[in-house]
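**Student:** Before anything else, here's the structure in question.
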Amino acid sequence: MNAHKQVKIRILLFWVGIVFTWGCSLTSEPNPQSVDDHFREWKSMNIKNYTIDQQRLCFCIEAGYTAKVTVTNNIITNVVNLDTGAQVNSDKWHLFKTIDELFSILEEVNESKVNSIKIEYDKNYYFPTYFYVDPIKEAVDEEYGYRSINFKLTGK
């Protein structure tokens with residue numbers, strides 16, 4: 001085999017190696033893109049018991065403070081105002097959301113019909129850590145959202 005042919009074969013093998021390296025991954029890490037993708041990843045972990053610090057983002061009652069929300073079997077079982085340390089009355093618990101409920105809110109948003117929406121997700125558990133929806137461009141006080149941080153498992 002002549003030297004010219006050997007060089008061509010080496011170059012070809014080099015490029016084949018590059019293509020396989022870029023095109024293949026040794027692990028199958030999830031790479032969710034949509035709300036539905038993130039929700040599927042979250043549900044696949046079958047997490048039903050956790051605490052999360054949550055803040056309602058809106059111009060409405062019971063908004064602005066951060067509360068520790070305890071979720072047991074996917075139901076809110078306690079809410080404590082972290083600013084005051086006081087337990088929030090149970091008749092106000094519906095204002096806070098489980099992670100599944102946050103996803104339900106996001107699934108109802110028609111992205112093509114709102115002025116803007118911003119969503120950030122937890123990189124380990126895939127739930128929305130922050131979302132803010134502005135339904136109407138020129139309207140005032142109709143924006144809404146949630147910030148959910150300091151997620152801690154309390155059992156599976």
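Here, A, B, ... name the chains of the structure tokens in the order displayed, residue numbers run from 1 inside each chain, and ligands are numbered from 1 in the same displayed order.
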If you run DSSP on this backbone, which residues of stretch 107-155 of chain A come out as strand (DSSP E or B), and could you give them as a PyMOL selection string?

**Tutor:** chain A and resi 116-121+128-134+144-155

**Student:** Near A:Ile149, within 6 Å and counting only C-alpha atoms, which residues show up once chain neighbours fewer than 4 positions away are dropped, as a list in words?

**Tutor:**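 Once the adjacent positions are removed, what remains is Ile52, Asp53 and Thr129 of chain A.
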
**Student:** Write out as a list in words which residues come within 7 Å of stretch 55-61 of chain A when counting only C-alpha atoms, dropping same-chain ones fewer than 6 positions away.

**Tutor:**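 The neighbour list is Ala67, Asp141, Glu143, Tyr144, Gly145, Tyr146, Arg147 and Ser148 of chain A.
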
**Student:** Can you list every residue of stretch 65-87 of chain A that has an atom at most 9 Å from stretch 91-112 of chain A, with its nearest atom pair and the distance in Å to one decimal, using only C-alpha atoms, ordered by chain then number, as CSV?

**Tutor:**
```
residue,atom,partner,partner_atom,distance
A:Ala67,CA,A:Phe96,CA,8.5
A:Val69,CA,A:Phe96,CA,7.5
A:Thr70,CA,A:Thr98,CA,8.8
A:Val71,CA,A:Thr98,CA,6.8
A:Asn74,CA,A:Thr98,CA,6.8
A:Ile75,CA,A:Thr98,CA,7.0
A:Ile76,CA,A:Thr98,CA,6.7
A:Thr77,CA,A:Trp93,CA,8.5
A:Asn78,CA,A:Trp93,CA,7.7
A:Val79,CA,A:Trp93,CA,6.6
```

**Student:** Would you mind writing down, as a list of chain:residue names, each residue of stretch 32-109 of chain A that DSSP on the backbone assigns to alpha helix (DSSP H)?

**Tutor:**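 Matching residues for alpha helix (DSSP H) in stretch 32-109 of chain A are A:Val35, A:Asp36, A:Asp37, A:His38, A:Phe39, A:Arg40, A:Glu41, A:Trp42, A:Lys43, A:Ser44, A:Ile99, A:Asp100, A:Glu101, A:Leu102, A:Phe103, A:Ser104, A:Ile105, A:Leu106, A:Glu107, A:Glu108.
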
**Student:** In Å to one decimal, how far is atom CA of A:Glu62 from atom CA of A:Phe131?

**Tutor:**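 These two atoms are separated by 17.6 Å.
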
**Student:** Would you compute the distance between atom CA of A:His38 and atom CA of A:Gln54? Give it in Å to one decimal.

**Tutor:**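 Computing it gives 18.9 Å between the two atoms.
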
**Student:** Nearest to A:Val133: which of A:Phe39, A:Tyr65, A:Val114, A:Phe151 is it, counting only C-alpha atoms?

**Tutor:**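 The answer is A:Val114, which sits nearest to A:Val133.
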
**Student:** For stretch 152-154 of chain A, work out the shell of residues within 8 Å, counting only C-alpha atoms and skipping chain neighbours fewer than 4 positions away, then give it as an NGL selection string.

**Tutor:** :A and (47 or 49-52)

**Student:** Rounded to one decimal in Å, what is the spacing between atom CA of A:Asn73 and atom CA of A:Gly85?

**Tutor:** 24.0 Å
